[in-house]
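Next up, entry_2.txt (compact mmCIF, C-alpha atoms and all ligand atoms):
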```txt
# COMPACT_ATOMS: atom_id res chain seq x y z
CA MET G 1 -50.42 24.09 -16.29
CA MET G 2 -46.98 22.63 -15.63
CA PRO G 3 -46.55 21.56 -11.95
CA ASP G 4 -44.13 23.60 -9.89
CA SER G 5 -42.45 20.67 -8.17
CA PHE G 6 -41.51 17.02 -8.65
CA GLU G 7 -40.93 13.90 -6.51
CA LEU G 8 -37.67 13.62 -4.59
CA GLY G 9 -36.42 10.60 -2.67
CA PRO G 10 -34.55 10.83 0.65
CA ILE G 11 -30.98 9.93 -0.35
CA ARG G 12 -28.30 9.88 -3.04
CA PRO G 13 -24.61 8.91 -2.83
CA PRO G 14 -22.22 11.67 -1.66
CA SER G 15 -20.69 11.77 -5.14
CA GLU G 16 -24.10 12.71 -6.58
CA ALA G 17 -24.52 15.81 -4.42
CA TYR G 18 -24.84 18.04 -7.50
CA SER G 19 -26.88 15.73 -9.69
CA LEU G 20 -30.43 16.33 -10.80
CA LEU G 21 -32.51 13.84 -8.80
CA ILE G 22 -35.20 11.95 -10.68
CA ARG G 23 -37.27 9.52 -8.65
CA VAL G 24 -38.08 6.53 -10.84
CA THR G 25 -39.18 4.16 -8.05
CA LYS G 26 -40.18 4.86 -4.45
CA ASN G 27 -38.45 3.33 -1.42
CA CYS G 28 -36.75 -0.08 -1.29
CA PRO G 29 -38.19 -3.35 -2.62
CA TRP G 30 -36.09 -5.35 -0.13
CA ASN G 31 -36.14 -3.09 2.94
CA ARG G 32 -34.90 -5.73 5.39
CA CYS G 33 -31.23 -4.88 5.98
CA GLN G 34 -30.59 -4.65 9.72
CA PHE G 35 -28.25 -1.66 9.45
CA CYS G 36 -30.52 0.52 7.30
CA HIS G 37 -33.33 2.79 8.48
CA ILE G 38 -33.86 4.92 5.38
CA TYR G 39 -37.05 3.33 4.02
CA LYS G 40 -38.28 1.38 7.05
CA GLY G 41 -42.07 1.58 7.37
CA LYS G 42 -42.41 2.77 3.76
CA LYS G 43 -43.88 0.66 1.01
CA PHE G 44 -42.00 0.10 -2.23
CA GLU G 45 -43.74 1.46 -5.35
CA LEU G 46 -42.93 1.42 -9.02
CA ARG G 47 -43.78 4.71 -10.71
CA SER G 48 -45.28 4.81 -14.19
CA VAL G 49 -43.18 6.00 -17.12
CA GLU G 50 -45.71 8.81 -17.63
CA GLU G 51 -45.33 10.05 -14.04
CA ILE G 52 -41.55 10.03 -14.34
CA LYS G 53 -41.63 11.83 -17.69
CA GLN G 54 -43.88 14.46 -16.12
CA ASP G 55 -41.26 15.04 -13.40
CA ILE G 56 -38.51 15.37 -16.00
CA SER G 57 -40.60 17.90 -17.93
CA THR G 58 -41.17 19.83 -14.71
CA ALA G 59 -37.42 19.90 -14.04
CA LYS G 60 -36.94 21.27 -17.55
CA ALA G 61 -39.63 23.94 -16.98
CA ILE G 62 -37.87 25.06 -13.78
CA GLN G 63 -34.56 25.15 -15.65
CA ASP G 64 -36.09 27.19 -18.49
CA ARG G 65 -37.60 29.69 -16.06
CA LEU G 66 -34.22 30.13 -14.39
CA LYS G 67 -32.58 30.78 -17.77
CA GLU G 68 -35.30 33.23 -18.75
CA THR G 69 -34.85 35.11 -15.47
CA SER G 70 -31.13 35.23 -16.17
CA TRP G 71 -31.73 36.83 -19.60
CA LYS G 72 -34.15 39.34 -18.11
CA ALA G 73 -31.69 40.23 -15.35
CA GLY G 74 -28.94 40.86 -17.92
CA TYR G 75 -26.85 37.76 -17.19
CA GLY G 76 -27.14 36.53 -20.79
CA GLY G 77 -28.71 33.16 -19.89
CA ARG G 78 -25.92 32.25 -17.41
CA VAL G 79 -27.61 30.60 -14.48
CA GLU G 80 -25.07 30.91 -11.65
CA GLU G 81 -26.32 34.24 -10.27
CA VAL G 82 -30.00 33.30 -10.54
CA ALA G 83 -29.32 29.83 -9.12
CA THR G 84 -27.59 31.41 -6.11
CA ALA G 85 -30.70 33.48 -5.38
CA ILE G 86 -32.89 30.35 -5.59
CA LEU G 87 -30.47 28.39 -3.39
CA ASN G 88 -30.71 31.09 -0.72
CA ASN G 89 -34.49 31.12 -0.77
CA PRO G 90 -35.90 28.09 -2.61
CA PRO G 91 -39.69 27.91 -3.09
CA ASN G 92 -39.47 24.12 -2.68
CA GLU G 93 -36.96 21.25 -2.70
CA ALA G 94 -37.36 20.62 -6.43
CA HIS G 95 -36.30 24.21 -7.21
CA PHE G 96 -33.35 23.83 -4.83
CA ASN G 97 -32.28 20.63 -6.59
CA VAL G 98 -32.54 22.13 -10.09
CA ALA G 99 -30.70 25.31 -9.03
CA LEU G 100 -27.88 23.32 -7.40
CA TRP G 101 -27.61 21.02 -10.42
CA LEU G 102 -27.42 24.00 -12.81
CA TYR G 103 -24.98 25.87 -10.59
CA TYR G 104 -22.58 22.94 -10.83
CA GLY G 105 -22.83 22.60 -14.59
CA GLY G 106 -26.07 20.67 -15.12
CA THR G 107 -24.31 17.60 -16.50
CA SER G 108 -25.33 14.69 -14.27
CA ALA G 109 -28.54 13.04 -13.11
CA PHE G 110 -29.14 10.44 -10.42
CA LEU G 111 -32.13 8.10 -10.61
CA GLN G 112 -33.69 7.39 -7.19
CA ASP G 113 -34.55 5.33 -5.00
CA ALA G 114 -32.87 2.16 -3.72
CA ASN G 115 -32.97 -0.23 -6.67
CA THR G 116 -33.77 1.31 -10.03
CA LEU G 117 -32.74 -1.87 -11.85
CA ILE G 118 -35.96 -3.48 -10.65
CA MET G 119 -37.86 -1.53 -13.31
CA ARG G 120 -38.59 -3.42 -16.49
CA THR G 121 -35.68 -2.77 -18.85
CA PRO G 122 -37.72 -1.31 -21.77
CA GLU G 123 -39.37 1.18 -19.40
CA LEU G 124 -36.10 2.21 -17.81
CA VAL G 125 -34.55 2.62 -21.26
CA GLU G 126 -37.48 4.85 -22.25
CA VAL G 127 -37.05 7.00 -19.12
CA ILE G 128 -33.30 7.43 -19.63
CA LYS G 129 -33.71 8.31 -23.31
CA PHE G 130 -36.45 10.84 -22.49
CA LEU G 131 -34.28 12.37 -19.76
CA LYS G 132 -31.34 12.84 -22.12
CA GLN G 133 -33.51 14.20 -24.94
CA THR G 134 -35.33 16.63 -22.66
CA LEU G 135 -32.22 17.84 -20.83
CA PRO G 136 -29.39 17.42 -23.35
CA SER G 137 -26.78 18.99 -21.04
CA ILE G 138 -26.88 15.72 -19.06
CA THR G 139 -23.94 13.54 -20.03
CA GLN G 140 -23.91 11.24 -17.00
CA VAL G 141 -26.83 9.21 -15.61
CA THR G 142 -26.26 7.12 -12.50
CA SER G 143 -28.37 5.11 -10.09
CA TYR G 144 -28.49 2.64 -7.21
CA GLY G 145 -28.99 -1.06 -7.90
CA ARG G 146 -28.89 -4.31 -5.92
CA SER G 147 -26.44 -7.07 -6.80
CA LYS G 148 -29.21 -9.65 -6.88
CA THR G 149 -31.26 -7.64 -9.37
CA ALA G 150 -28.18 -7.02 -11.54
CA ALA G 151 -27.45 -10.76 -11.41
CA LYS G 152 -30.97 -11.52 -12.65
CA LYS G 153 -30.85 -9.09 -15.58
CA LYS G 154 -29.59 -10.42 -18.88
CA LEU G 155 -26.24 -9.02 -19.97
CA GLU G 156 -27.95 -7.73 -23.14
CA GLU G 157 -30.40 -5.73 -20.98
CA LEU G 158 -27.57 -4.06 -19.08
CA ILE G 159 -25.85 -3.28 -22.38
CA GLU G 160 -29.12 -1.77 -23.64
CA LEU G 161 -29.29 0.42 -20.53
CA ARG G 162 -25.71 1.55 -21.07
CA GLN G 163 -26.45 2.37 -24.69
CA ALA G 164 -29.52 4.37 -23.62
CA GLY G 165 -27.23 6.45 -21.35
CA LEU G 166 -26.92 4.73 -17.96
CA SER G 167 -23.31 5.55 -17.10
CA ARG G 168 -22.82 4.22 -13.57
CA LEU G 169 -24.42 1.96 -10.99
CA HIS G 170 -23.82 2.34 -7.25
CA ILE G 171 -24.25 -1.01 -5.51
CA GLY G 172 -24.30 -1.55 -1.75
CA LEU G 173 -22.03 -4.55 -1.41
CA GLU G 174 -21.56 -3.86 2.32
CA SER G 175 -19.70 -7.16 2.90
CA GLY G 176 -18.48 -10.23 1.07
CA TYR G 177 -18.78 -12.51 4.12
CA ASP G 178 -21.82 -14.78 3.83
CA PRO G 179 -22.58 -15.33 7.56
CA LEU G 180 -22.48 -11.56 8.07
CA LEU G 181 -24.66 -10.87 5.02
CA GLN G 182 -27.11 -13.41 6.40
CA TYR G 183 -27.04 -11.96 9.92
CA MET G 184 -27.67 -8.48 8.51
CA ASP G 185 -30.49 -9.83 6.29
CA LYS G 186 -28.93 -8.24 3.24
CA GLY G 187 -30.75 -10.69 1.00
CA VAL G 188 -27.70 -11.47 -1.14
CA THR G 189 -24.77 -13.84 -0.96
CA ALA G 190 -21.14 -13.26 -1.90
CA ALA G 191 -21.86 -15.29 -5.05
CA ASP G 192 -24.75 -12.93 -5.97
CA HIS G 193 -22.46 -9.94 -5.45
CA ILE G 194 -19.86 -11.44 -7.74
CA LYS G 195 -22.35 -12.47 -10.40
CA GLY G 196 -24.20 -9.14 -10.41
CA GLY G 197 -21.05 -7.03 -10.16
CA ARG G 198 -19.20 -8.83 -12.91
CA LYS G 199 -22.18 -8.57 -15.21
CA VAL G 200 -22.34 -4.81 -14.69
CA VAL G 201 -18.60 -4.51 -15.38
CA LYS G 202 -18.97 -6.63 -18.53
CA SER G 203 -21.84 -4.47 -19.78
CA GLY G 204 -19.56 -1.41 -19.79
CA ILE G 205 -21.61 0.44 -17.14
CA SER G 206 -19.21 1.95 -14.63
CA LEU G 207 -19.56 0.23 -11.26
CA CYS G 208 -19.14 1.67 -7.77
CA GLU G 209 -19.32 -0.84 -4.91
CA TYR G 210 -19.99 0.39 -1.35
CA VAL G 211 -18.37 -1.32 1.63
CA LEU G 212 -19.67 -0.77 5.15
CA LEU G 213 -16.71 -0.51 7.53
CA GLY G 214 -17.45 -1.73 11.04
CA LEU G 215 -20.27 -4.01 9.88
CA GLY G 216 -18.54 -7.08 11.30
CA GLY G 217 -18.54 -5.57 14.79
CA LYS G 218 -16.14 -7.07 17.31
CA ARG G 219 -16.98 -10.65 16.33
CA MET G 220 -16.71 -10.82 12.57
CA TRP G 221 -14.42 -7.92 11.62
CA ARG G 222 -11.57 -10.10 10.38
CA GLU G 223 -13.73 -12.32 8.14
CA HIS G 224 -15.64 -9.24 6.97
CA ALA G 225 -12.39 -7.60 5.80
CA LEU G 226 -10.88 -10.71 4.20
CA GLU G 227 -13.98 -11.99 2.41
CA THR G 228 -14.97 -8.50 1.24
CA ALA G 229 -11.50 -8.07 -0.28
CA LYS G 230 -11.89 -11.44 -2.00
CA VAL G 231 -15.28 -10.59 -3.52
CA LEU G 232 -14.19 -7.12 -4.64
CA SER G 233 -11.06 -8.55 -6.24
CA GLN G 234 -13.22 -10.89 -8.29
CA ILE G 235 -15.62 -8.13 -9.35
CA ASP G 236 -12.86 -5.59 -10.09
CA PRO G 237 -15.21 -2.55 -10.06
CA ASP G 238 -14.22 0.96 -11.17
CA PHE G 239 -14.76 2.37 -7.69
CA ILE G 240 -14.78 1.03 -4.15
CA ARG G 241 -16.33 3.49 -1.72
CA VAL G 242 -16.25 2.95 2.00
CA ARG G 243 -18.55 4.37 4.62
CA THR G 244 -18.67 3.53 8.33
CA LEU G 245 -21.47 1.84 10.24
CA THR G 246 -23.67 4.29 12.11
CA ILE G 247 -26.59 3.32 14.30
CA LYS G 248 -29.95 5.06 14.41
CA GLN G 249 -33.18 4.28 16.17
CA GLY G 250 -35.45 2.54 13.66
CA MET G 251 -32.70 0.21 12.48
CA PRO G 252 -33.21 -3.41 13.57
CA LEU G 253 -29.49 -3.41 14.46
CA TYR G 254 -30.18 -0.75 17.10
CA ASP G 255 -32.16 -3.35 19.07
CA GLU G 256 -29.51 -6.01 18.49
CA ILE G 257 -26.98 -3.70 20.13
CA LYS G 258 -29.29 -2.95 23.03
CA ASN G 259 -29.80 -6.73 23.51
CA GLY G 260 -26.06 -7.28 23.49
CA ASN G 261 -26.18 -9.48 20.36
CA PHE G 262 -24.05 -7.14 18.27
CA ILE G 263 -21.01 -5.45 19.76
CA ARG G 264 -19.76 -2.44 17.87
CA ALA G 265 -16.12 -2.08 16.96
CA THR G 266 -14.31 1.07 18.02
CA ASP G 267 -12.80 3.49 15.50
CA GLU G 268 -9.38 2.00 16.16
CA GLU G 269 -10.61 -1.51 15.47
CA ILE G 270 -12.33 -0.35 12.30
CA VAL G 271 -9.08 1.19 11.09
CA GLU G 272 -7.42 -2.21 11.61
CA GLU G 273 -10.27 -3.82 9.65
CA GLU G 274 -9.80 -1.31 6.81
CA LYS G 275 -6.06 -2.03 6.79
CA LEU G 276 -6.73 -5.74 6.35
CA LEU G 277 -9.24 -5.03 3.59
CA ILE G 278 -6.83 -2.83 1.62
CA GLU G 279 -3.90 -5.21 2.10
CA HIS G 280 -5.92 -8.03 0.52
CA LEU G 281 -7.48 -6.12 -2.36
CA ASP G 282 -6.18 -7.36 -5.67
CA CYS G 283 -7.98 -5.20 -8.23
CA HIS G 284 -7.80 -1.97 -10.23
CA ALA G 285 -10.46 0.16 -8.56
CA HIS G 286 -10.29 3.75 -7.37
CA PHE G 287 -10.65 3.52 -3.59
CA VAL G 288 -12.63 6.44 -2.18
CA SER G 289 -13.38 7.41 1.45
CA ASP G 290 -15.49 10.52 0.85
CA HIS G 291 -18.26 9.68 3.30
CA ILE G 292 -18.54 11.98 6.33
CA THR G 293 -18.71 8.95 8.66
CA ASN G 294 -15.19 7.74 7.81
CA LEU G 295 -12.47 8.48 10.32
CA LEU G 296 -9.65 8.60 7.76
CA GLN G 297 -10.98 10.32 4.68
CA GLU G 298 -7.50 10.62 3.21
CA ILE G 299 -7.38 6.90 2.43
CA GLU G 300 -7.89 7.30 -1.29
CA GLY G 301 -6.12 6.20 -4.40
CA LYS G 302 -5.96 4.01 -7.44
CA LEU G 303 -5.28 0.35 -6.88
CA PRO G 304 -2.89 -1.29 -7.00
CA GLU G 305 -0.35 1.52 -7.43
CA ASP G 306 -1.50 3.67 -4.48
CA LYS G 307 -1.90 0.82 -2.00
CA GLU G 308 1.29 1.67 -0.09
CA LYS G 309 0.30 5.34 0.18
CA MET G 310 -3.12 4.35 1.54
CA LEU G 311 -1.61 1.96 4.05
CA ALA G 312 0.87 4.66 5.09
CA ALA G 313 -2.04 6.89 6.18
CA ILE G 314 -3.32 4.04 8.34
CA ALA G 315 0.17 3.44 9.74
CA ARG G 316 0.42 7.11 10.66
CA PHE G 317 -2.81 6.94 12.64
CA GLN G 318 -1.80 3.70 14.33
CA SER G 319 1.62 5.06 15.32
CA LEU G 320 0.10 7.99 17.23
CA SER G 321 0.09 7.89 21.02
CA PRO G 322 -3.24 6.79 22.58
CA GLU G 323 -3.89 10.42 23.61
CA GLU G 324 -3.29 11.71 20.09
CA ARG G 325 -5.49 9.01 18.55
CA HIS G 326 -8.21 10.00 20.96
CA ASN G 327 -7.70 13.66 20.13
CA PHE G 328 -7.99 12.87 16.41
CA ARG G 329 -11.12 10.75 16.81
CA VAL G 330 -12.91 13.46 18.74
CA GLY G 331 -11.62 16.18 16.39
CA ARG G 332 -13.00 14.33 13.37
CA ARG G 333 -16.31 13.64 15.02
CA VAL G 334 -16.91 17.22 16.14
CA GLY G 335 -15.95 18.44 12.65
CA ILE G 336 -12.71 20.27 13.54
CA TYR G 337 -10.34 17.92 11.70
CA ASN G 338 -10.61 16.70 8.13
CA GLN G 339 -7.41 14.71 7.95
CA LEU G 340 -4.47 13.55 10.03
CA GLU G 341 -2.26 16.48 9.15
CA ASP G 342 -4.76 18.74 10.94
CA LEU G 343 -3.22 17.37 14.15
CA ASP G 344 -0.23 19.63 13.39
CA ASN G 345 -2.43 22.71 13.51
CA SER G 346 -1.98 23.93 17.11
CA ARG G 347 -5.13 26.08 17.09
CA LYS G 348 -7.32 23.18 15.97
CA HIS G 349 -5.52 20.84 18.36
CA SER G 350 -6.30 22.99 21.39
CA LEU G 351 -9.90 23.45 20.25
CA VAL G 352 -10.22 19.66 20.28
CA GLU G 353 -8.56 19.45 23.71
CA HIS G 354 -11.16 21.89 24.95
CA ALA G 355 -13.97 19.79 23.38
CA ILE G 356 -12.58 16.65 25.07
CA GLN G 357 -12.62 18.38 28.46
CA LYS G 358 -16.26 19.28 27.94
CA LEU G 359 -17.31 15.85 26.65
CA GLY G 360 -15.45 13.58 29.06
CA ASN G 361 -17.28 12.42 32.17
CA ASP G 362 -14.11 12.44 34.23
CA GLY G 363 -12.72 15.55 32.60
CA ASN G 364 -10.20 13.58 30.55
CA GLN G 365 -11.51 11.25 27.87
CA ALA G 366 -14.75 11.04 25.90
CA ASP G 367 -15.94 7.43 25.89
CA ASP G 368 -16.77 5.38 22.79
CA GLU G 369 -20.51 5.92 23.22
CA THR G 370 -20.03 9.67 23.20
CA ILE G 371 -17.81 9.48 20.12
CA TYR G 372 -20.32 7.27 18.29
CA SER G 373 -23.11 9.70 19.04
CA LEU G 374 -21.04 12.61 17.73
CA MET G 375 -20.55 10.72 14.46
CA GLU G 376 -24.22 9.89 14.23
CA ARG G 377 -25.25 13.53 14.33
CA PHE G 378 -23.97 13.74 10.75
CA ILE G 379 -26.45 11.25 9.25
S1 LIG C 1 -31.20 -2.84 0.05
FE1 LIG C 1 -30.26 -0.86 0.49
S2 LIG C 1 -31.96 0.58 0.82
FE2 LIG C 1 -32.81 -1.50 0.90
S3 LIG C 1 -32.82 -2.00 3.11
FE3 LIG C 1 -30.90 -2.77 2.25
S4 LIG C 1 -29.40 -1.10 2.55
FE4 LIG C 1 -31.47 -0.22 2.82
```
Translate this structure into structure tokens?
Ligand code: SF4
Amino acid sequence: MMPDSFELGPIRPPSEAYSLLIRVTKNCPWNRCQFCHIYKGKKFELRSVEEIKQDISTAKAIQDRLKETSWKAGYGGRVEEVATAILNNPPNEAHFNVALWLYYGGTSAFLQDANTLIMRTPELVEVIKFLKQTLPSITQVTSYGRSKTAAKKKLEELIELRQAGLSRLHIGLESGYDPLLQYMDKGVTAADHIKGGRKVVKSGISLCEYVLLGLGGKRMWREHALETAKVLSQIDPDFIRVRTLTIKQGMPLYDEIKNGNFIRATDEEIVEEEKLLIEHLDCHAHFVSDHITNLLQEIEGKLPEDKEKMLAAIARFQSLSPEERHNFRVGRRVGIYNQLEDLDNSRKHSLVEHAIQKLGNDGNQADDETIYSLMERFI
């Protein structure tokens, strides 16, 4: 009998929220980055091609049952109504994932976990081909990969993966500054990032590089911004996505902060860091800030033509009075504001004022620690 569920990993990029999730490896083969807690304490495992194919077949069986239910209920095979019922009361996470994927068109799949490229190329090619044959509505297949692994693959292997159907790789660049990469135990150098990234670009696989704002802390923020811009300009990826450093217990960096070895930058300092990064980017990427942790999510656009517009959003934040900047930071972190123009909404503004009164120890201002912890509720 066909199983009723399949393996799911813990994370996917925000842009893959509606993708079918297929777990091709488990956990992270590196697992040493100081700022990452996702897979700590969990052992990396390769999964066999047969196991992965079984999961894909199970996803198809769940999809087919949903379609059958739709026919029986008189919806003519359309899945939206049936998917909504499953989403409201899913029997398990696999059903929830399939229903969400179908509800949003059923066109994309994301291969989990942290570094799919570590699979042997012929096996990964087999998995991707099977996925596309079994679920032909899928037109986009994406995954996470590490720069170092991409750098080690032959260009011909990456081309083979693209031809099999791998459309995009998401790589955690985090920084282009070698001393910071070393301090964070990222296990790659700027040169690895450039080599791996350029190879992916050359293979024709779309590339999304992730930058971790705030990673330089108070000591290395300037070099972090400048060297990251330099590395990204040499890679020239299709997308640059930023997210902001958050700290959780279980991360080695948590202890570094407690010991006073790493001093976090404030939101305002991170905005200055982001400004420096954008000013020095010389590439053609789409710059995206869609992560919930980012203070200014409106900093988006196509480089180089939208650079001025992006910098204008930063200038607007920096030109606010200290009280208004504080109001915005708290408003973002409690989820009342989405973007700077929300400051003009008097109802939202007074809601934030009220929140500040409640949060502040002295009845006036919430301190940085409080604002960090508000942000960290979201991850
Ligand atoms: S490589 Fe990625 S998943 Fe692995 S520890 Fe580093 S940040 Fe976490």
Work out how far CA of Leu111 in chain G is from CA of Cys28 in chain G, in Å to one decimal.
->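 Computed distance, CA of Cys28 in chain G to CA of Leu111 in chain G, equals 13.2 Å.
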Excluding range 21-24 of chain G and any residue of its chain fewer than 3 positions from it, enumerate the residues within 9 Å of it, using all atoms listed in the file, and give them as a ChimeraX atom specification.
-> /G:6-9,12,16,18,46-49,51-52,55-56,59,94,97-98,101,109-113,116,119,124,127
Just want the residues within 6 Å of ligand LIG 1 (chain C), written as a JSON list (two decimals) with C-alpha atoms, in the frame of the given file, counting all atoms listed in the file.
```json
[["chain", "number", "residue", "atom", "x", "y", "z"],
["G", 28, "CYS", "CA", -36.75, -0.08, -1.29],
["G", 30, "TRP", "CA", -36.09, -5.35, -0.13],
["G", 31, "ASN", "CA", -36.14, -3.09, 2.94],
["G", 32, "ARG", "CA", -34.90, -5.73, 5.39],
["G", 33, "CYS", "CA", -31.23, -4.88, 5.98],
["G", 36, "CYS", "CA", -30.52, 0.52, 7.30],
["G", 114, "ALA", "CA", -32.87, 2.16, -3.72],
["G", 186, "LYS", "CA", -28.93, -8.24, 3.24]]
```
CA of Leu161 in chain G and CA of Asp178 in chain G are how many Å apart?
->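 Result for CA of Leu161 in chain G versus CA of Asp178 in chain G: 29.7 Å, one decimal.
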What separates CA of Leu303 in chain G and CA of Thr244 in chain G is a distance of 20.5 Å
Using all atoms listed in the file: which of G:Asn327, G:Glu341, G:Leu173, G:Leu296 has the shortest distance to Asp367 in chain G =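 Among the listed residues, G:Asn327 lies closest to Asp367 in chain G.
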Residue nearest Gly204 in chain G - candidates G:Glu157, G:Asp185, G:Glu268, G:Asp192, atoms counted: all atoms listed in the file | G:Glu157
